[in-house]
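Data block for start-v3.csv (CSV, C-alpha atoms and all ligand atoms):
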chain,number,residue,atom,x,y,z
A,130,MET,CA,119.6,76.8,62.5
A,131,SER,CA,116.8,77.5,64.9
A,132,LEU,CA,116.3,78.5,68.6
A,133,ARG,CA,116.2,74.9,69.7
A,134,GLN,CA,119.7,74.4,68.2
A,135,ILE,CA,121.3,77.0,70.4
A,136,HIS,CA,123.4,75.3,73.0
A,137,SER,CA,123.5,76.2,76.7
A,138,GLN,CA,121.9,79.5,76.5
A,139,ASP,CA,118.7,78.5,78.3
A,140,ASN,CA,118.4,81.9,80.0
A,141,ALA,CA,118.2,83.8,76.7
A,142,ILE,CA,115.9,81.3,75.1
A,143,ASP,CA,113.6,81.2,78.2
A,144,THR,CA,113.4,85.0,78.2
A,145,PHE,CA,112.3,85.0,74.6
A,146,GLN,CA,109.7,82.2,75.1
A,147,ARG,CA,108.3,83.8,78.3
A,148,SER,CA,108.0,87.2,76.6
A,149,MET,CA,106.2,85.6,73.6
A,150,ARG,CA,103.9,83.6,75.8
A,151,LEU,CA,102.9,86.6,77.9
A,152,ASN,CA,102.9,88.9,74.9
A,153,ARG,CA,105.4,91.1,76.7
A,154,LEU,CA,108.3,91.5,74.3
A,155,SER,CA,110.4,94.5,75.4
A,156,HIS,CA,111.5,97.1,72.8
A,157,ALA,CA,115.1,97.0,73.8
A,158,TYR,CA,117.4,94.2,75.0
A,159,ILE,CA,121.1,94.0,76.0
A,160,PHE,CA,122.7,90.6,75.4
A,161,ALA,CA,125.7,90.5,77.7
A,162,GLY,CA,128.4,87.9,77.8
A,163,ILE,CA,131.9,87.0,76.7
A,164,ASP,CA,132.5,86.8,72.9
A,165,GLY,CA,131.7,83.6,71.1
A,166,VAL,CA,128.9,82.2,73.3
A,167,GLY,CA,126.2,82.8,70.7
A,168,LYS,CA,124.9,86.3,71.4
A,169,LYS,CA,124.6,87.3,67.8
A,170,LYS,CA,123.4,83.9,66.7
A,171,THR,CA,120.7,84.1,69.4
A,172,ALA,CA,119.7,87.6,68.4
A,173,ILE,CA,119.3,86.5,64.7
A,174,GLU,CA,117.3,83.5,65.8
A,175,TRP,CA,115.0,85.7,67.9
A,176,ALA,CA,114.6,87.9,64.9
A,177,LYS,CA,114.0,85.0,62.6
A,178,THR,CA,111.3,83.6,64.8
A,179,LEU,CA,109.6,87.0,65.2
A,180,LEU,CA,109.5,87.4,61.5
A,181,CYS,CA,108.7,83.8,60.5
A,182,GLU,CA,105.6,83.5,58.3
A,183,SER,CA,104.6,80.2,59.9
A,184,PRO,CA,106.3,79.8,63.3
A,185,VAL,CA,106.4,76.3,64.7
A,186,LYS,CA,104.8,75.8,68.1
A,187,SER,CA,105.6,72.8,70.2
A,188,GLU,CA,104.4,71.8,73.6
A,189,THR,CA,106.9,71.8,76.5
A,190,ASP,CA,106.6,71.4,80.3
A,191,ASP,CA,106.5,75.2,80.5
A,192,GLY,CA,103.9,75.8,77.8
A,193,VAL,CA,104.4,76.4,74.1
A,194,PHE,CA,107.9,76.7,72.6
A,195,LEU,CA,107.9,79.0,69.6
A,196,ASP,CA,110.5,78.6,66.9
A,197,SER,CA,111.1,79.6,63.3
A,198,CYS,CA,110.1,77.2,60.5
A,199,GLY,CA,113.3,77.5,58.5
A,200,LYS,CA,111.4,77.1,55.3
A,201,CYS,CA,109.4,80.3,54.6
A,202,GLU,CA,110.7,83.1,52.5
A,203,SER,CA,111.3,85.2,55.6
A,204,CYS,CA,113.4,82.5,57.2
A,205,LEU,CA,115.4,81.9,54.0
A,206,LEU,CA,116.1,85.6,53.7
A,207,ALA,CA,117.2,85.7,57.3
A,208,GLU,CA,119.5,82.7,56.9
A,209,ALA,CA,121.0,84.4,53.8
A,210,ASN,CA,121.7,87.5,55.9
A,211,SER,CA,119.5,89.5,53.6
A,212,HIS,CA,116.2,90.0,55.4
A,213,PRO,CA,115.3,93.7,55.0
A,214,ASP,CA,113.8,93.8,58.5
A,215,ILE,CA,116.8,92.5,60.3
A,216,LYS,CA,119.3,95.4,60.5
A,217,LEU,CA,122.7,94.5,61.7
A,218,ILE,CA,124.5,97.6,62.9
A,219,TYR,CA,128.3,97.6,63.3
A,220,LYS,CA,130.9,100.3,63.4
A,221,GLU,CA,132.3,99.6,59.9
A,222,LEU,CA,129.0,100.7,58.4
A,223,ILE,CA,130.7,104.1,58.4
A,224,ARG,CA,132.0,103.1,55.0
A,225,PHE,CA,128.5,103.5,53.7
A,226,SER,CA,127.9,106.9,55.4
A,227,GLU,CA,126.1,109.6,53.6
A,228,LYS,CA,129.0,111.9,54.4
A,229,ALA,CA,131.9,111.4,52.0
A,230,GLU,CA,134.5,112.3,54.6
A,231,ASN,CA,133.3,109.5,56.8
A,232,ARG,CA,133.7,106.7,54.2
A,233,LYS,CA,137.5,106.3,54.5
A,234,LYS,CA,137.5,106.2,58.3
A,235,THR,CA,138.5,103.0,60.2
A,236,PRO,CA,136.7,103.6,63.5
A,237,ILE,CA,137.8,102.2,66.8
A,238,ASP,CA,134.6,103.2,68.6
A,239,MET,CA,131.1,103.0,67.2
A,240,PRO,CA,130.8,106.3,65.4
A,241,LYS,CA,127.9,108.5,66.3
A,242,ASP,CA,127.2,109.0,62.6
A,243,VAL,CA,126.5,105.2,62.3
A,244,ILE,CA,124.0,105.4,65.1
A,245,ASP,CA,122.4,108.5,63.6
A,246,GLU,CA,122.3,107.4,60.0
A,247,PHE,CA,121.5,103.7,60.3
A,248,VAL,CA,119.4,103.6,63.5
A,249,VAL,CA,118.0,107.0,64.6
A,250,LYS,CA,117.0,108.3,61.1
A,251,GLN,CA,115.6,104.9,60.0
A,252,ILE,CA,113.8,103.8,63.1
A,253,ALA,CA,110.4,105.2,61.9
A,254,ASN,CA,110.6,103.3,58.7
A,255,LYS,CA,107.9,100.6,58.6
A,256,PRO,CA,108.8,96.9,58.2
A,257,LYS,CA,109.3,96.0,54.5
A,258,LYS,CA,108.3,92.4,54.7
A,259,GLY,CA,107.1,91.3,58.1
A,260,ASN,CA,105.5,93.2,60.9
A,261,LYS,CA,108.6,93.9,62.9
A,262,VAL,CA,112.0,95.4,62.4
A,263,ILE,CA,114.9,94.1,64.5
A,264,TYR,CA,118.0,96.2,65.0
A,265,ILE,CA,121.0,94.2,66.2
A,266,ILE,CA,123.8,96.5,67.4
A,267,ASP,CA,127.0,94.6,67.5
A,268,GLU,CA,129.9,95.4,69.9
A,269,ALA,CA,127.8,97.8,71.9
A,270,GLU,CA,130.7,98.2,74.3
A,271,LYS,CA,132.2,100.4,71.6
A,272,LEU,CA,129.4,102.9,71.7
A,273,ASN,CA,131.0,106.0,73.1
A,274,ALA,CA,129.1,108.5,75.2
A,275,ALA,CA,128.1,110.5,72.1
A,276,SER,CA,126.8,107.4,70.3
A,277,GLN,CA,124.9,106.2,73.4
A,278,ASN,CA,123.4,109.6,73.9
A,279,ALA,CA,122.3,109.6,70.2
A,280,LEU,CA,120.7,106.3,70.8
A,281,LEU,CA,118.9,107.2,74.0
A,282,LYS,CA,115.7,108.7,72.6
A,283,THR,CA,115.3,105.8,70.3
A,284,LEU,CA,115.8,103.3,73.1
A,285,GLU,CA,113.2,105.2,75.1
A,286,GLU,CA,110.4,105.3,72.6
A,287,PRO,CA,111.0,103.2,69.6
A,288,PRO,CA,108.0,102.6,67.3
A,289,THR,CA,106.0,99.6,68.4
A,290,PHE,CA,107.2,97.5,65.5
A,291,CYS,CA,110.8,97.8,66.5
A,292,VAL,CA,113.0,95.6,68.7
A,293,ILE,CA,116.5,96.8,69.4
A,294,ILE,CA,119.1,94.3,70.6
A,295,LEU,CA,122.5,95.5,71.8
A,296,LEU,CA,125.2,92.8,71.9
A,297,THR,CA,128.1,93.4,74.4
A,298,ASN,CA,131.0,91.7,76.1
A,299,ARG,CA,131.3,94.6,78.6
A,300,LEU,CA,128.2,95.6,80.4
A,301,ASP,CA,130.2,98.1,82.4
A,302,LYS,CA,130.9,100.2,79.2
A,303,LEU,CA,127.2,101.0,78.9
A,304,LEU,CA,125.9,104.2,80.5
A,305,PRO,CA,123.3,103.8,83.3
A,306,THR,CA,120.8,105.7,81.0
A,307,THR,CA,121.3,103.0,78.3
A,308,LEU,CA,121.0,100.1,80.8
A,309,SER,CA,117.9,101.5,82.4
A,310,ARG,CA,116.1,101.6,79.1
A,311,SER,CA,116.8,98.1,78.1
A,312,ARG,CA,116.3,94.6,79.5
A,313,VAL,CA,119.6,92.8,80.2
A,314,VAL,CA,119.8,89.1,79.1
A,315,ARG,CA,123.0,87.5,80.4
A,316,PHE,CA,124.8,84.9,78.4
A,317,GLY,CA,126.9,82.4,80.4
A,318,SER,CA,129.8,80.3,79.3
A,319,ILE,CA,129.0,77.1,77.6
A,320,ASP,CA,129.7,73.9,79.7
A,321,GLU,CA,133.3,72.8,78.9
A,322,ASN,CA,132.3,69.2,78.0
A,323,ILE,CA,129.8,70.5,75.4
A,324,VAL,CA,132.5,72.8,73.8
A,325,VAL,CA,135.1,70.0,73.9
A,326,ASP,CA,132.6,67.5,72.3
A,327,LYS,CA,131.7,70.0,69.6
A,328,LEU,CA,135.4,70.7,68.8
A,329,GLU,CA,136.2,67.0,68.6
A,330,ASP,CA,133.2,66.6,66.2
A,331,LYS,CA,135.0,69.2,64.1
A,332,GLY,CA,138.1,67.0,64.0
A,333,LEU,CA,140.3,68.5,66.8
A,334,ASP,CA,142.1,66.0,69.1
A,335,LEU,CA,141.1,66.0,72.7
A,336,SER,CA,144.1,67.9,74.2
A,337,GLN,CA,143.7,70.7,71.6
A,338,ALA,CA,139.9,70.8,72.2
A,339,ILE,CA,140.4,71.1,76.0
A,340,TYR,CA,143.0,73.9,75.5
A,341,TRP,CA,140.7,76.0,73.3
A,342,ALA,CA,137.7,75.4,75.5
A,343,ARG,CA,139.6,76.6,78.6
A,344,LEU,CA,141.5,79.4,77.0
A,345,THR,CA,138.2,80.9,75.7
A,346,ASP,CA,136.3,80.4,79.0
A,347,GLY,CA,133.9,78.0,77.3
A,348,SER,CA,133.3,80.0,74.2
A,349,LEU,CA,132.4,77.6,71.3
A,350,GLY,CA,132.5,80.3,68.7
A,351,LYS,CA,135.8,81.7,69.7
A,352,SER,CA,137.3,78.2,70.1
A,353,LEU,CA,136.3,77.3,66.6
A,354,GLU,CA,137.6,80.5,65.2
A,355,LEU,CA,141.0,80.3,66.9
A,356,SER,CA,141.5,76.6,66.2
A,357,LYS,CA,141.1,77.3,62.4
A,358,LEU,CA,143.5,80.2,62.5
A,359,MET,CA,146.8,80.0,60.7
A,360,ALA,CA,149.9,82.1,61.2
A,361,ASN,CA,152.2,81.9,58.2
A,362,ASP,CA,150.8,78.4,57.4
A,363,VAL,CA,151.2,77.2,61.0
A,364,SER,CA,148.1,76.5,63.1
A,365,LEU,CA,147.6,78.8,66.1
A,366,TYR,CA,147.7,75.7,68.2
A,367,GLU,CA,151.3,75.0,67.0
A,368,VAL,CA,152.1,78.6,67.6
A,369,LYS,CA,150.9,78.4,71.2
A,370,LYS,CA,153.0,75.3,71.8
A,371,ALA,CA,156.1,77.2,70.5
A,372,ILE,CA,155.3,80.2,72.6
A,373,ALA,CA,154.9,78.0,75.7
A,374,LYS,CA,158.4,76.6,75.0
A,375,LYS,CA,160.0,80.0,74.6
A,376,ILE,CA,158.3,81.5,77.7
A,377,SER,CA,159.2,78.5,79.9
A,378,SER,CA,162.9,78.8,78.9
A,379,LEU,CA,162.9,82.6,78.9
A,380,ARG,CA,166.2,84.3,79.9
A,381,LEU,CA,167.3,87.9,79.8
A,382,GLU,CA,169.4,87.2,76.7
A,383,THR,CA,166.5,85.6,74.8
A,384,ALA,CA,163.8,88.1,75.8
A,385,LEU,CA,164.2,90.5,72.9
A,386,GLU,CA,164.4,87.7,70.4
A,387,THR,CA,161.2,86.1,71.9
A,388,ALA,CA,159.5,89.5,71.7
A,389,ASN,CA,160.5,89.8,68.1
A,390,SER,CA,159.0,86.4,67.3
A,391,LEU,CA,155.7,87.5,69.1
A,392,VAL,CA,155.6,90.6,66.9
A,393,ASN,CA,156.1,88.6,63.8
A,394,THR,CA,153.5,86.0,64.8
A,395,SER,CA,151.1,88.8,65.6
A,396,LYS,CA,151.6,90.2,62.1
A,397,ASP,CA,151.1,86.7,60.5
A,398,ILE,CA,147.8,86.3,62.5
A,399,ALA,CA,146.7,89.8,61.4
A,400,LYS,CA,147.5,88.9,57.8
A,401,PHE,CA,145.4,85.7,58.0
A,402,TRP,CA,142.5,87.6,59.6
A,403,ALA,CA,142.7,90.5,57.1
A,404,GLU,CA,142.1,87.9,54.3
A,405,SER,CA,139.2,86.2,56.0
A,406,LEU,CA,137.4,88.9,58.0
A,407,GLU,CA,135.4,91.5,56.2
A,408,ASN,CA,134.1,94.6,57.8
A,409,VAL,CA,136.9,94.8,60.4
A,410,SER,CA,139.5,97.6,60.3
A,411,LYS,CA,143.2,96.9,60.0
A,412,SER,CA,144.0,98.5,63.4
A,413,ASP,CA,141.3,96.4,65.0
A,414,ILE,CA,142.7,93.2,63.5
A,415,SER,CA,146.2,93.9,64.7
A,416,ARG,CA,144.9,94.7,68.2
A,417,ARG,CA,143.0,91.4,68.2
A,418,ALA,CA,146.1,89.5,67.1
A,419,ASN,CA,148.1,91.1,69.9
A,420,ARG,CA,145.4,90.4,72.4
A,421,ILE,CA,145.2,86.7,71.5
A,422,LEU,CA,148.9,86.3,72.0
A,423,LEU,CA,148.8,88.1,75.3
A,424,ARG,CA,145.9,85.9,76.4
A,425,MET,CA,148.0,82.8,75.6
A,426,VAL,CA,151.0,84.2,77.6
A,427,MET,CA,148.6,85.1,80.5
A,428,SER,CA,147.3,81.5,80.5
A,429,LEU,CA,150.9,80.3,81.0
A,430,MET,CA,151.5,82.5,84.0
A,431,SER,CA,148.1,81.8,85.5
A,432,ASP,CA,148.7,78.0,85.1
A,433,ALA,CA,152.2,78.3,86.7
A,434,MET,CA,150.5,80.1,89.6
A,435,LYS,CA,147.9,77.4,90.0
A,436,ILE,CA,150.5,74.7,89.9
A,437,ASN,CA,152.5,76.5,92.6
A,438,ILE,CA,149.3,76.5,94.8
A,439,ASP,CA,148.3,73.0,94.0
A,440,ARG,CA,150.1,70.6,91.7
A,441,ASN,CA,146.9,68.9,90.8
A,442,SER,CA,145.1,72.1,89.7
A,443,GLU,CA,143.1,72.0,86.5
A,444,ILE,CA,145.1,74.1,84.0
A,445,ILE,CA,144.5,75.6,80.6
A,446,ASN,CA,147.8,74.3,79.1
A,447,SER,CA,147.2,70.7,80.4
A,448,ASP,CA,148.7,69.5,77.1
A,449,GLN,CA,152.1,71.0,78.1
A,450,LYS,CA,152.1,70.4,81.8
A,451,ASP,CA,155.8,69.7,81.9
A,452,LEU,CA,156.5,73.2,80.6
A,453,ILE,CA,154.1,74.7,83.1
A,454,GLU,CA,156.0,72.9,85.9
A,455,THR,CA,159.2,74.4,84.6
A,456,LEU,CA,157.6,77.8,84.7
A,457,ALA,CA,156.2,77.2,88.2
A,458,ASN,CA,159.8,76.5,89.3
A,459,ALA,CA,161.1,79.7,87.8
A,460,TYR,CA,158.3,82.0,89.1
A,461,ASP,CA,156.9,81.8,92.6
A,462,ILE,CA,153.2,82.8,93.3
A,463,ASP,CA,154.0,86.4,93.9
A,464,SER,CA,156.0,86.6,90.6
A,465,CYS,CA,153.2,85.0,88.8
A,466,ILE,CA,150.7,87.5,90.1
A,467,GLU,CA,153.1,90.4,89.2
A,468,ASN,CA,153.5,88.9,85.7
A,469,ILE,CA,149.8,88.5,85.2
A,470,GLN,CA,149.3,92.1,86.2
A,471,LYS,CA,152.0,93.0,83.6
A,472,VAL,CA,150.1,91.1,80.9
A,473,TYR,CA,146.9,93.0,81.9
A,474,GLN,CA,148.8,96.3,81.5
A,475,SER,CA,150.1,95.1,78.2
A,476,MET,CA,146.5,94.5,77.1
A,477,ASP,CA,145.6,98.0,78.1
A,478,TRP,CA,148.6,99.3,76.0
A,479,VAL,CA,147.4,97.3,73.0
A,480,ASP,CA,144.0,99.0,73.4
A,481,SER,CA,145.8,102.4,73.6
A,482,SER,CA,147.7,101.6,70.4
A,483,VAL,CA,151.2,101.6,72.0
A,484,ASN,CA,153.8,100.1,69.6
A,485,GLU,CA,153.5,96.3,69.8
A,486,ARG,CA,157.3,95.6,69.9
A,487,LEU,CA,157.6,97.9,72.9
A,488,ILE,CA,154.7,96.1,74.6
A,489,PHE,CA,156.2,92.6,74.2
A,490,GLU,CA,159.7,93.7,75.0
A,491,GLU,CA,158.7,95.4,78.2
A,492,MET,CA,156.5,92.5,79.3
A,493,LEU,CA,159.2,89.8,78.7
A,494,LEU,CA,162.0,91.9,80.3
A,495,LYS,CA,159.7,92.3,83.3
A,496,PHE,CA,159.2,88.5,83.4
A,497,THR,CA,162.9,87.9,83.4
A,498,GLU,CA,163.4,90.3,86.3
A,499,SER,CA,161.0,88.3,88.5
A,500,ALA,CA,162.4,84.9,87.6
A,501,SER,CA,164.2,83.0,90.3
A,502,ILE,CA,166.6,81.2,87.9
B,601,ZN,ZN,109.7,80.7,58.7

Show me, as structure tokens, the structure contained in the file I just sent.
Amino acid sequence: MSLRQIHSQDNAIDTFQRSMRLNRLSHAYIFAGIDGVGKKKTAIEWAKTLLCESPVKSETDDGVFLDSCGKCESCLLAEANSHPDIKLIYKELIRFSEKAENRKKTPIDMPKDVIDEFVVKQIANKPKKGNKVIYIIDEAEKLNAASQNALLKTLEEPPTFCVIILLTNRLDKLLPTTLSRSRVVRFGSIDENIVVDKLEDKGLDLSQAIYWARLTDGSLGKSLELSKLMANDVSLYEVKKAIAKKISSLRLETALETANSLVNTSKDIAKFWAESLENVSKSDISRRANRILLRMVMSLMSDAMKINIDRNSEIINSDQKDLIETLANAYDIDSCIENIQKVYQSMDWVDSSVNERLIFEEMLLKFTESASI
């Protein structure tokens, strides 16, 4: 992997190349964009290039393009995720806290102690191998006010050999004081055709590839992750097709049974994730599982709304257009809007740890109230 191989993130790559050409690298950056568009990958490639022992320079129309060599010891360490000067900071580092009482915690927010112990207290430590230390703070949207305040002084005056990169999918969660001390680099969605091509290269058929590309707003990383996900030996794509069938034929008398099947599916997804994802707490995993199911349900309602507005609209569930038309007959535009709002509310409830069965039951009963059949 190298900077050149990062797709459709020209803004981030240009920012880096310009900063290197002008010798004006900032000490703090915020990479902002939806999940799965390559923020972490880009941050690691920036770091790799900064630390590379013999960076490759090639001529481009804009000047020199700097990239890592991929062969030196530093690059190999970076690729093995074990470079001592690339520090990945994530909330589950709390398990390695110096305070024994912290180690059993499963944090929802980024704990202040993680920022204190793994960033603030270590920031003065000189590079071990190269001439820079790069701190990459993952899920910066989970930095609460206390954690952001702990980080402030460091963001203001880090040692000259440090570069801090905050990764976030929610710029609005960062305090103005954090924003003003960092340079924001925006990550856009990847062009749908590129995502679809890549997914087809990985063996997905076209209709499935289009579905994931649209559901994830053009996030290649997320598409790949979700397309590989299994729930009790059934692929998530098959799960989504079954959910679409259930929701399109939803009636008052089937609402609770459908909610029950969503609860069970969510548990199956969480189980799969728990086996494959390290460093993520159980409660986070179950929230993520609930959120992905809600995202799928939301796509059905937003598709039905689009079809009600224009039968030729481009929809996410284009592979099940007949079911979307059934939904569009059952729910008029106003009902679709109400139902989409209900799904948003359900997502908020998931984040507030409301019981998942209650969330799905409430949502589906609300749908049936607004149905015209
Ligand atoms: Zn190298």

Would you list the contacts of A:Pro184 as an MDAnalysis selection string, taking every protein, DNA or RNA residue within 10 Å and counting all atoms listed in the file, but skipping same-chain residues closer than 2 positions in sequence?
chainID A and resid 177:182 186:187 194:201 204

Counting only C-alpha atoms and all ligand atoms, which of A:Asp164, A:Asp214, A:Glu208, A:Asp139 gets nearest to ligand ZN 601 (chain B)?
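Closest residue, counting only C-alpha atoms and all ligand atoms: A:Glu208.
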
Considering only C-alpha atoms, return as a VMD selection string whatever protein or nucleic-acid residues lie within 10 Å of A:Thr283, sequence-local ones (same chain, fewer than 5 positions apart) excluded.
chain A and resid 156 to 157 248 to 250 252 to 253 278 288 291 293 310

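The nearest approach to ligand ZN 601 (chain B) among the residues A:Glu202, A:Glu174, A:Asp448, A:Asp477, with only C-alpha atoms and all ligand atoms taken into account, belongs to A:Glu202.
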
Using all atoms listed in the file, which of A:Ser183, A:Ser226, A:Thr189, A:Ser464 sits nearest ligand ZN 601 (chain B)?
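Among the listed residues, A:Ser183 lies closest to ligand ZN 601 (chain B).
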
The residue from A:Lys495, A:Arg343, A:Lys400, A:Lys327 with the smallest atom-to-atom distance to A:Ala388, counting only C-alpha atoms, is A:Lys495

Given all atoms listed in the file as the basis, pick out the residue of A:Ile135, A:Met427, A:Leu206, A:Ile263 nearest to ligand ZN 601 (chain B).
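Ranked by minimum distance to ligand ZN 601 (chain B), first place goes to A:Leu206.
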
Among listed residues A:Ala500, A:Val368, A:Ile266, A:Val292, nearest A:Leu154 (using all atoms listed in the file):
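Residue with the minimum atom-to-atom distance to A:Leu154: A:Val292.
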
Rounded to one decimal place, report the atom CA of A:Leu300-atom CA of A:Glu270 distance in Å.
7.1 Å
